file input-v4.cif (mmCIF, C-alpha atoms and all ligand atoms)
data_my_file
loop_
_atom_site.label_atom_id
_atom_site.label_comp_id
_atom_site.auth_asym_id
_atom_site.auth_seq_id
_atom_site.Cartn_x
_atom_site.Cartn_y
_atom_site.Cartn_z
CA MET A 4 183.99 72.57 -81.17
CA VAL A 5 180.38 73.66 -81.09
CA PHE A 6 178.97 75.82 -83.85
CA PHE A 7 176.18 78.34 -83.91
CA ASP A 8 172.58 77.22 -83.91
CA SER A 9 170.34 78.48 -86.67
CA ARG A 10 168.45 81.66 -86.02
CA PRO A 11 165.21 82.58 -87.75
CA ASP A 12 166.73 85.44 -89.68
CA TRP A 13 169.96 83.89 -90.74
CA GLN A 14 171.03 83.46 -94.26
CA LEU A 15 174.43 82.31 -95.24
CA SER A 16 175.85 84.43 -98.03
CA ALA A 17 173.81 83.85 -101.07
CA SER A 18 174.68 84.23 -104.66
CA ARG A 19 178.19 85.60 -104.87
CA VAL A 20 179.82 82.95 -102.72
CA THR A 21 181.08 80.12 -104.86
CA PRO A 22 179.08 77.02 -104.01
CA GLU A 23 181.25 74.08 -103.10
CA ARG A 24 179.91 72.22 -106.10
CA ILE A 25 181.57 74.73 -108.39
CA PHE A 26 184.64 74.69 -106.20
CA TRP A 27 184.98 70.98 -106.89
CA GLN A 28 184.40 71.36 -110.61
CA ARG A 29 187.12 73.99 -110.70
CA ARG A 30 189.49 71.65 -108.95
CA ARG A 31 188.86 68.89 -111.43
CA PHE A 32 189.27 71.39 -114.23
CA MET A 33 192.66 72.39 -112.90
CA LYS A 34 193.69 68.77 -112.64
CA SER A 35 192.89 68.22 -116.28
CA LEU A 36 194.93 71.28 -117.18
CA ILE A 37 197.89 69.89 -115.31
CA GLY A 38 197.42 66.63 -117.12
CA ALA A 39 197.59 68.48 -120.40
CA GLY A 40 200.82 70.16 -119.39
CA VAL A 41 199.31 73.64 -119.23
CA GLY A 42 199.75 73.90 -115.48
CA LEU A 43 203.49 73.63 -115.74
CA ALA A 44 203.66 76.70 -117.93
CA ALA A 45 201.33 78.51 -115.55
CA ALA A 46 203.46 77.57 -112.56
CA SER A 47 206.67 78.89 -114.04
CA ALA A 48 205.25 82.02 -115.60
CA GLY A 49 206.51 84.58 -113.12
CA ALA A 50 207.01 85.92 -109.63
CA CYS A 51 203.46 87.08 -109.08
CA GLN A 52 201.51 83.96 -110.00
CA ARG A 53 198.92 81.97 -108.21
CA SER A 54 200.15 78.61 -107.06
CA ASN A 55 200.07 75.53 -109.18
CA ALA A 56 197.00 74.33 -107.34
CA GLY A 57 195.84 71.70 -109.76
CA ASP A 58 197.30 68.62 -108.14
CA VAL A 59 196.51 69.45 -104.53
CA ASP A 60 193.90 68.09 -102.20
CA LEU A 61 192.90 71.48 -101.00
CA ASP A 62 189.75 69.99 -99.48
CA THR A 63 191.89 68.51 -96.69
CA THR A 64 192.60 72.07 -95.51
CA LEU A 65 188.98 73.25 -95.29
CA GLY A 66 187.67 74.21 -91.84
CA GLN A 67 184.44 73.20 -90.11
CA PRO A 68 181.12 74.62 -91.36
CA LEU A 69 179.95 77.70 -89.47
CA ILE A 70 176.17 77.43 -89.34
CA GLY A 71 173.72 80.27 -88.74
CA VAL A 72 175.98 83.13 -89.65
CA ARG A 73 174.18 86.23 -90.89
CA GLN A 74 175.56 88.18 -93.78
CA ASN A 75 176.05 91.84 -92.92
CA PRO A 76 174.02 93.60 -95.64
CA ALA A 77 176.42 96.56 -95.64
CA PHE A 78 179.12 94.20 -96.93
CA ALA A 79 177.12 91.89 -99.15
CA ASP A 80 178.65 93.12 -102.38
CA ALA A 81 182.17 94.43 -102.83
CA GLY A 82 181.47 95.60 -106.38
CA ARG A 83 183.60 92.86 -107.86
CA ASP A 84 182.97 89.15 -108.24
CA LEU A 85 183.98 86.93 -105.40
CA THR A 86 187.30 85.14 -105.80
CA GLU A 87 186.86 81.39 -106.11
CA GLN A 88 188.09 79.67 -102.99
CA ILE A 89 190.54 77.46 -104.81
CA TYR A 90 192.51 80.57 -105.74
CA ALA A 91 192.21 82.38 -102.40
CA SER A 92 193.16 79.29 -100.39
CA SER A 93 196.09 78.15 -102.50
CA TYR A 94 197.79 81.51 -103.07
CA ASN A 95 198.85 82.79 -99.67
CA ASN A 96 201.45 84.79 -97.82
CA TYR A 97 202.46 83.17 -94.55
CA TYR A 98 206.22 83.51 -94.23
CA GLU A 99 206.40 81.41 -91.09
CA PHE A 100 205.62 78.46 -93.37
CA GLY A 101 207.59 79.37 -96.48
CA GLY A 102 208.59 82.14 -98.84
CA SER A 103 206.45 81.17 -101.84
CA LYS A 104 202.74 81.59 -102.49
CA ASN A 105 202.00 77.88 -102.20
CA ILE A 106 202.57 77.41 -98.49
CA TRP A 107 199.05 76.03 -97.96
CA GLU A 108 200.41 72.54 -97.39
CA SER A 109 203.29 73.36 -95.03
CA ALA A 110 200.94 75.63 -93.06
CA GLN A 111 198.99 72.52 -92.05
CA ALA A 112 201.72 72.04 -89.38
CA LEU A 113 200.22 74.96 -87.43
CA PRO A 114 198.91 73.59 -84.09
CA ALA A 115 195.58 75.47 -84.04
CA ASP A 116 193.66 73.40 -81.48
CA PRO A 117 193.80 74.06 -78.56
CA TRP A 118 194.38 77.81 -78.83
CA GLN A 119 194.65 80.70 -76.44
CA LEU A 120 194.35 84.36 -77.32
CA GLU A 121 195.61 86.58 -74.54
CA VAL A 122 194.32 90.18 -74.50
CA GLY A 123 195.91 92.60 -72.06
CA GLY A 124 198.14 95.61 -71.59
CA LEU A 125 196.46 98.93 -70.81
CA VAL A 126 192.97 97.49 -70.20
CA LYS A 127 190.56 97.20 -67.30
CA ASN A 128 189.74 93.52 -67.84
CA PRO A 129 192.59 91.40 -69.20
CA THR A 130 190.99 88.32 -70.77
CA THR A 131 192.17 85.06 -72.28
CA PHE A 132 189.96 83.55 -74.96
CA ASP A 133 190.11 79.87 -75.86
CA LEU A 134 189.27 78.31 -79.19
CA ASP A 135 185.55 77.87 -78.51
CA ASP A 136 185.26 81.47 -77.26
CA LEU A 137 186.38 82.69 -80.67
CA THR A 138 183.37 81.17 -82.44
CA GLU A 139 180.84 81.23 -79.59
CA ARG A 140 181.35 84.33 -77.52
CA PHE A 141 180.64 86.94 -80.20
CA ASP A 142 177.91 87.28 -82.81
CA LEU A 143 179.47 86.04 -85.99
CA GLU A 144 178.68 87.78 -89.26
CA GLU A 145 179.80 87.41 -92.84
CA ARG A 146 181.40 90.34 -94.66
CA ILE A 147 182.50 90.27 -98.25
CA TYR A 148 185.55 92.52 -98.39
CA ARG A 149 188.02 93.52 -101.04
CA PHE A 150 191.55 92.50 -100.16
CA ARG A 151 194.66 94.22 -101.51
CA CYS A 152 198.20 92.91 -100.98
CA VAL A 153 201.03 95.45 -101.12
CA GLU A 154 202.45 93.24 -103.92
CA ALA A 155 199.59 94.49 -106.15
CA TRP A 156 197.46 91.37 -106.22
CA ALA A 157 193.90 91.52 -104.99
CA MET A 158 190.91 89.32 -104.23
CA VAL A 159 187.35 89.49 -102.89
CA VAL A 160 186.53 87.04 -100.09
CA PRO A 161 183.69 86.32 -97.66
CA TRP A 162 185.14 86.54 -94.16
CA ILE A 163 183.23 85.34 -91.12
CA GLY A 164 183.99 86.91 -87.78
CA PHE A 165 183.22 89.88 -85.58
CA PRO A 166 184.19 93.57 -85.35
CA MET A 167 187.39 94.26 -83.40
CA LYS A 168 185.30 96.63 -81.31
CA ALA A 169 183.64 93.60 -79.69
CA ILE A 170 186.94 92.64 -78.04
CA MET A 171 187.54 96.25 -76.96
CA ASN A 172 184.12 96.18 -75.28
CA VAL A 173 185.16 93.13 -73.23
CA VAL A 174 188.62 94.25 -72.12
CA GLU A 175 187.94 98.03 -71.95
CA PRO A 176 191.19 99.78 -72.91
CA THR A 177 192.13 102.58 -70.50
CA SER A 178 192.56 106.19 -71.65
CA ALA A 179 196.34 105.60 -71.65
CA ALA A 180 196.00 103.09 -74.52
CA LYS A 181 196.79 104.81 -77.83
CA PHE A 182 197.85 101.83 -79.97
CA VAL A 183 197.32 98.10 -80.10
CA ARG A 184 199.78 95.38 -81.02
CA PHE A 185 198.86 91.96 -82.45
CA THR A 186 201.25 89.01 -82.23
CA SER A 187 201.06 85.91 -84.43
CA PHE A 188 201.88 82.35 -83.43
CA TYR A 189 205.56 81.52 -83.75
CA ASP A 190 207.47 78.39 -82.81
CA PRO A 191 210.83 77.83 -84.51
CA GLN A 192 210.27 74.07 -84.19
CA VAL A 193 207.11 74.35 -86.31
CA CYS A 194 207.80 77.36 -88.55
CA PRO A 195 210.62 76.84 -91.05
CA GLY A 196 210.45 80.48 -92.23
CA PRO A 197 210.86 81.65 -95.82
CA GLY A 198 213.99 79.58 -96.42
CA LEU A 199 216.29 82.45 -97.33
CA SER A 200 219.70 82.94 -95.80
CA LEU A 201 218.38 86.00 -93.98
CA SER A 202 215.81 83.84 -92.19
CA ARG A 203 217.92 83.86 -89.05
CA ASN A 204 217.58 87.62 -88.68
CA LEU A 205 213.86 88.01 -89.28
CA PRO A 206 212.01 89.85 -86.47
CA TRP A 207 209.78 86.94 -85.36
CA PRO A 208 207.18 86.67 -84.12
CA TYR A 209 205.13 88.45 -86.81
CA THR A 210 203.52 91.48 -85.22
CA GLU A 211 201.22 94.21 -86.46
CA GLY A 212 199.63 97.30 -84.99
CA LEU A 213 196.81 99.81 -85.28
CA THR A 214 195.85 103.04 -83.57
CA ILE A 215 193.00 102.72 -81.10
CA ALA A 216 190.77 104.74 -83.44
CA GLU A 217 191.53 102.35 -86.31
CA MET A 218 190.74 99.34 -84.17
CA ALA A 219 187.43 100.89 -83.13
CA ASN A 220 186.46 101.61 -86.75
CA ASP A 221 183.47 99.66 -88.07
CA LEU A 222 185.55 97.99 -90.78
CA ALA A 223 188.23 96.54 -88.49
CA PHE A 224 187.40 92.86 -88.22
CA PHE A 225 188.63 89.63 -86.67
CA ALA A 226 188.05 86.73 -89.04
CA VAL A 227 187.53 83.24 -87.64
CA GLY A 228 186.16 81.88 -90.91
CA ILE A 229 186.10 82.23 -94.67
CA TYR A 230 183.78 80.77 -97.36
CA GLY A 231 181.29 79.50 -94.78
CA ARG A 232 183.79 77.54 -92.66
CA THR A 233 186.37 78.12 -89.97
CA LEU A 234 189.66 79.48 -91.31
CA PRO A 235 191.98 77.07 -93.08
CA LYS A 236 195.43 77.18 -91.50
CA GLN A 237 196.96 78.86 -94.54
CA HIS A 238 194.59 81.83 -94.00
CA GLY A 239 195.63 82.20 -90.34
CA ALA A 240 193.51 79.84 -88.24
CA PRO A 241 191.94 80.23 -85.80
CA ILE A 242 191.77 84.05 -85.77
CA ARG A 243 193.36 86.74 -87.94
CA MET A 244 192.98 90.48 -88.50
CA VAL A 245 191.20 91.96 -91.51
CA THR A 246 191.61 95.69 -92.20
CA PRO A 247 190.43 96.00 -95.81
CA TRP A 248 191.47 99.64 -96.33
CA LYS A 249 195.09 98.72 -95.59
CA TYR A 250 197.57 96.52 -97.43
CA GLY A 251 197.24 92.82 -96.65
CA PHE A 252 200.41 92.59 -94.57
CA LYS A 253 198.60 94.53 -91.81
CA GLY A 254 196.35 91.47 -91.35
CA ALA A 255 198.34 89.38 -88.87
CA LYS A 256 197.38 85.69 -88.93
CA SER A 257 196.95 83.14 -86.15
CA ILE A 258 196.90 85.73 -83.37
CA VAL A 259 198.03 84.64 -79.90
CA LYS A 260 198.32 88.01 -78.18
CA ILE A 261 196.74 91.46 -78.33
CA GLU A 262 198.31 94.22 -76.23
CA PHE A 263 197.02 97.75 -75.70
CA VAL A 264 199.99 100.11 -75.44
CA ALA A 265 200.84 103.80 -75.15
CA GLU A 266 203.38 104.08 -77.99
CA GLN A 267 203.33 103.02 -81.63
CA PRO A 268 204.58 99.42 -81.56
CA ALA A 269 207.33 97.96 -83.73
CA THR A 270 205.87 95.73 -86.44
CA TYR A 271 207.33 92.96 -88.59
CA TRP A 272 207.54 94.47 -92.09
CA ASN A 273 208.11 98.01 -90.86
CA THR A 274 211.09 96.75 -88.85
CA LEU A 275 212.48 94.82 -91.85
CA ALA A 276 212.07 97.56 -94.48
CA PRO A 277 210.66 100.82 -93.07
CA ASN A 278 210.91 102.68 -96.38
CA GLU A 279 208.84 100.00 -98.16
CA TYR A 280 206.23 99.06 -95.53
CA LYS A 281 204.83 101.92 -93.48
CA PHE A 282 203.10 101.45 -90.14
CA GLU A 283 199.96 103.08 -91.54
CA ALA A 284 199.98 101.09 -94.81
CA ASN A 285 196.72 102.46 -96.20
CA VAL A 286 195.91 101.51 -99.79
CA GLU A 287 196.94 104.61 -101.78
CA PRO A 288 197.17 104.25 -105.56
CA GLU A 289 199.13 107.51 -105.91
CA VAL A 290 201.89 106.44 -103.54
CA PRO A 291 204.13 103.92 -105.28
CA HIS A 292 206.05 101.22 -103.45
CA PRO A 293 209.76 102.10 -103.94
CA ARG A 294 210.03 99.14 -106.34
CA TRP A 295 206.66 99.16 -108.15
CA SER A 296 203.54 101.20 -108.87
CA GLN A 297 200.42 100.83 -106.75
CA ALA A 298 198.14 102.40 -109.39
CA THR A 299 196.70 99.07 -110.53
CA GLU A 300 196.20 95.60 -109.12
CA ARG A 301 195.64 92.09 -110.44
CA LEU A 302 192.74 89.97 -109.31
CA ILE A 303 193.86 86.46 -108.51
CA GLY A 304 191.94 83.79 -110.34
CA GLU A 305 191.89 82.24 -113.72
CA ARG A 306 194.48 83.95 -115.81
CA THR A 307 193.13 86.04 -118.64
CA ALA A 308 196.42 86.15 -120.52
CA MET A 309 199.61 84.15 -120.45
CA PHE A 310 201.50 86.43 -118.08
CA SER A 311 198.83 88.46 -116.36
CA TRP A 312 195.56 88.36 -114.51
CA GLU A 313 192.74 90.77 -114.90
CA GLU A 314 194.13 94.22 -114.17
CA GLN A 315 192.04 96.80 -112.31
CA PRO A 316 192.68 100.35 -111.11
CA THR A 317 193.49 100.57 -107.40
CA VAL A 318 191.10 102.75 -105.40
CA ILE A 319 192.06 105.01 -102.47
CA TYR A 320 191.52 103.16 -99.16
CA ASN A 321 190.70 100.13 -101.32
CA GLY A 322 187.24 101.63 -101.88
CA TYR A 323 186.42 102.06 -98.17
CA GLY A 324 186.97 105.84 -97.93
CA ASP A 325 183.43 106.44 -96.66
CA TYR A 326 184.33 104.49 -93.53
CA VAL A 327 187.92 105.50 -92.90
CA ALA A 328 188.89 108.73 -94.66
CA GLY A 329 187.90 110.69 -91.53
CA LEU A 330 190.60 108.90 -89.54
CA TYR A 331 193.33 110.54 -91.60
CA ARG A 332 192.22 114.17 -91.97
N1 LIG B 401 201.64 85.84 -89.31
C1 LIG B 401 201.59 86.28 -90.57
N2 LIG B 401 200.53 87.01 -90.97
C2 LIG B 401 200.46 87.46 -92.24
C3 LIG B 401 201.51 87.22 -93.17
C4 LIG B 401 202.61 86.44 -92.72
O1 LIG B 401 203.57 86.17 -93.46
N3 LIG B 401 202.61 85.98 -91.43
N4 LIG B 401 201.44 87.73 -94.45
C5 LIG B 401 200.57 88.91 -94.64
C6 LIG B 401 200.39 89.27 -96.04
S1 LIG B 401 201.69 90.01 -96.84
C7 LIG B 401 199.20 89.08 -96.69
S2 LIG B 401 198.95 89.67 -98.27
C8 LIG B 401 198.10 88.35 -96.05
C9 LIG B 401 197.67 87.18 -96.93
O2 LIG B 401 196.51 86.58 -96.41
P1 LIG B 401 195.90 85.29 -97.14
O3 LIG B 401 197.03 84.34 -97.36
O4 LIG B 401 194.86 84.76 -96.23
O5 LIG B 401 195.33 85.78 -98.45
O6 LIG B 401 198.45 87.83 -94.76
C10 LIG B 401 199.22 88.71 -93.97
N5 LIG B 401 199.37 88.17 -92.63
MO MO B 402 200.78 90.99 -98.70
#

call {"tool": "encode", "arguments": {"input": "input-v4.cif", "output": "structure tokens", "more": "lines below"}}
Ligand SMILES: Nc1nc2c(c(=O)[nH]1)N[C@H]1C(S)=C(S)[C@@H](COP(=O)(O)O)O[C@H]1N2
Ligand SMILES: [Mo]
result
Amino acid sequence: MVFFDSRPDWQLSASRVTPERIFWQRRRFMKSLIGAGVGLAAASAGACQRSNAGDVDLDTTLGQPLIGVRQNPAFADAGRDLTEQIYASSYNNYYEFGGSKNIWESAQALPADPWQLEVGGLVKNPTTFDLDDLTERFDLEERIYRFRCVEAWAMVVPWIGFPMKAIMNVVEPTSAAKFVRFTSFYDPQVCPGPGLSLSRNLPWPYTEGLTIAEMANDLAFFAVGIYGRTLPKQHGAPIRMVTPWKYGFKGAKSIVKIEFVAEQPATYWNTLAPNEYKFEANVEPEVPHPRWSQATERLIGERTAMFSWEEQPTVIYNGYGDYVAGLYR
């Protein structure tokens, strides 16, 4: 793997990205908490908790440094503090590798090198990208985005990647293409699934979809990195979708195929529970999930009380209305 050379104007995300030094201190801090028995209480405190990350060697999951990546000034500040990486990278949803939030370790079984991403369907130039293409073929930039899971937890992370539009420019969708479908890696030999009895009937592989207009929107992003390095496997190495105005489940991880299609494609969560997980899945505080309110969200991180994190009001389109509201009028 070859990484970007420095450019004169580059500056890797400055102040709000947690320096690794602090990352390490945090990790030691968590270890001492575990030693004192506090971690055990934290780990058993409820369904919507960050993982018991204190005794892990999370450093073994970090990717390779991505050098010379410019921060996009339009997304330098999400209006909230950045989430420390130890929380973002040890509290994940990746059902192929387990049904709990601490799948970071089992996700290390993902075979992410070599990799092929096949892009085709209703396009002029079907193209297959290999692993090096993903970091070398497009101008990489850093964007600090808010992230909002449909389960009402939230974070703020520095993605590195490129706009989805860049791939559209290469493959040139035809005028018949109205939607796009993204397919995640799946191999039943490697992916144990969430471990429930219904595992057998889950609609693998994980797929997601967008309209063509959504994919062409400035915000729609392919991430190949996070926190200055290539993506850890638990975040969806080597390439995943990021659509920050939509709930997190729209962001398919470890993408192997992108198809431009004429009809709205079936997607994983929408197939499983259509009344709970809409195809559109925009962040809308006024529209409750059938089983919980979406009016507020909890920022993952150090817990501020025994059974809750810092609670914040949810904002329409996750705060990105200036970019995307026009798509839905
Ligand atoms: N392939 C795949 N992609 C996935 C998921 C998954 O289970 N499998 N979970 C989704 C959900 S529900 C969320 S909230 C985000 C979590 O991303 P993160 O773990 O990097 O924070 O990934 C999304 N992408
Ligand atoms: Mo989610």

call {"tool": "residues_near_ligand", "arguments": {"input": "input-v4.cif", "ligand": "ligand MO 402 (chain B)", "cutoff": "7 Å", "atoms": "all atoms listed in the file", "output": "PyMOL selection string"}}
result
chain A and resi 96+152-154+250-252

call {"tool": "write_last_selection", "arguments": {"input": "input-v4.cif", "atoms": "C-alpha atoms", "output": "PDB file, in the coordinates of the input"}}
result
ATOM      1  CA  ASN A  96     201.450  84.790 -97.820  1.00  0.00           C
ATOM      2  CA  CYS A 152     198.200  92.910-100.980  1.00  0.00           C
ATOM      3  CA  VAL A 153     201.030  95.450-101.120  1.00  0.00           C
ATOM      4  CA  GLU A 154     202.450  93.240-103.920  1.00  0.00           C
ATOM      5  CA  TYR A 250     197.570  96.520 -97.430  1.00  0.00           C
ATOM      6  CA  GLY A 251     197.240  92.820 -96.650  1.00  0.00           C
ATOM      7  CA  PHE A 252     200.410  92.590 -94.570  1.00  0.00           C
TER       8      PHE A 252
END

call {"tool": "closest_residue", "arguments": {"input": "input-v4.cif", "among": "A:Trp312, A:Tyr209, A:Tyr326, A:Phe185", "to": "ligand LIG 401 (chain B)", "atoms": "only C-alpha atoms and all ligand atoms"}}
result
A:Tyr209

call {"tool": "closest_residue", "arguments": {"input": "input-v4.cif", "among": "A:Gly102, A:Pro129, A:Pro166, A:Pro291", "to": "A:Glu262", "atoms": "only C-alpha atoms"}}
result
A:Pro129

call {"tool": "atom_distance", "arguments": {"input": "input-v4.cif", "atom1": "atom CA of A:Ala115", "atom2": "atom CA of A:Tyr280"}}
result
28.3 Å

call {"tool": "residues_near_ligand", "arguments": {"input": "input-v4.cif", "ligand": "ligand LIG 401 (chain B)", "cutoff": "8 Å", "atoms": "all atoms listed in the file", "output": "number ranges by chain"}}
result
A: 91-92, 94-100, 150-154, 186-188, 208-210, 237-239, 243-244, 250-258

call {"tool": "residues_near_point", "arguments": {"input": "input-v4.cif", "point": "(208.4, 76.1, -84.2)", "cutoff": "12 Å", "atoms": "all atoms listed in the file", "output": "tab-separated table (two decimals) with C-alpha atoms, in the frame of the given file"}}
result
chain	number	residue	atom	x	y	z
A	99	GLU	CA	206.40	81.41	-91.09
A	100	PHE	CA	205.62	78.46	-93.37
A	110	ALA	CA	200.94	75.63	-93.06
A	112	ALA	CA	201.72	72.04	-89.38
A	113	LEU	CA	200.22	74.96	-87.43
A	114	PRO	CA	198.91	73.59	-84.09
A	188	PHE	CA	201.88	82.35	-83.43
A	189	TYR	CA	205.56	81.52	-83.75
A	190	ASP	CA	207.47	78.39	-82.81
A	191	PRO	CA	210.83	77.83	-84.51
A	192	GLN	CA	210.27	74.07	-84.19
A	193	VAL	CA	207.11	74.35	-86.31
A	194	CYS	CA	207.80	77.36	-88.55
A	195	PRO	CA	210.62	76.84	-91.05
A	196	GLY	CA	210.45	80.48	-92.23
A	207	TRP	CA	209.78	86.94	-85.36
A	208	PRO	CA	207.18	86.67	-84.12

call {"tool": "atom_distance", "arguments": {"input": "input-v4.cif", "atom1": "atom CA of A:Asp135", "atom2": "atom CA of A:Gln67"}}
result
12.6 Å

call {"tool": "closest_atom_pairs", "arguments": {"input": "input-v4.cif", "of": "stretch 81-173 of chain A", "to": "stretch 263-267 of chain A", "cutoff": "9 Å", "atoms": "all atoms listed in the file", "output": "CSV"}}
result
residue,atom,partner,partner_atom,distance
A:Val122,CA,A:Phe263,CA,8.1
A:Gly123,CA,A:Phe263,CA,6.4
A:Gly124,CA,A:Phe263,CA,4.8
A:Leu125,CA,A:Phe263,CA,5.1
A:Val126,CA,A:Phe263,CA,6.8

call {"tool": "residues_near_point", "arguments": {"input": "input-v4.cif", "point": "(190.5, 98.3, -68.7)", "cutoff": "7 Å", "atoms": "all atoms listed in the file", "output": "list in words"}}
result
Leu125, Val126, Lys127, Asn128, Val174, Glu175, Pro176 and Thr177 of chain A

call {"tool": "closest_residue", "arguments": {"input": "input-v4.cif", "among": "A:Ala298, A:Val286, A:Val245, A:Leu143", "to": "A:Ala223", "atoms": "only C-alpha atoms"}}
result
A:Val245

call {"tool": "atom_distance", "arguments": {"input": "input-v4.cif", "atom1": "atom CA of A:Asn75", "atom2": "atom CA of A:Ile147"}}
result
8.5 Å

call {"tool": "closest_residue", "arguments": {"input": "input-v4.cif", "among": "A:Trp162, A:Tyr148, A:Phe282, A:Phe182", "to": "A:Thr233", "atoms": "all atoms listed in the file"}}
result
A:Trp162

call {"tool": "closest_residue", "arguments": {"input": "input-v4.cif", "among": "A:Leu205, A:Ala180, A:Ala219, A:Leu134", "to": "A:Lys168", "atoms": "only C-alpha atoms"}}
result
A:Ala219

call {"tool": "residues_around", "arguments": {"input": "input-v4.cif", "residues": "A:Glu144", "least_positions_apart": "2", "cutoff": "6 Å", "atoms": "all atoms listed in the file", "output": "PyMOL selection string"}}
result
chain A and resi 72-74+163-164

call {"tool": "closest_residue", "arguments": {"input": "input-v4.cif", "among": "A:Thr130, A:Gln297, A:Thr246, A:Thr317", "to": "A:Arg146", "atoms": "all atoms listed in the file"}}
result
A:Thr246

call {"tool": "axis_aligned_box", "arguments": {"input": "input-v4.cif", "around": "stretch 77-88 of chain A", "padding_each_side": "3 Å", "output": "JSON"}}
result
{"center_x": 182.3, "center_y": 88.1, "center_z": -101.9, "size_x": 17.7, "size_y": 22.9, "size_z": 18.6}
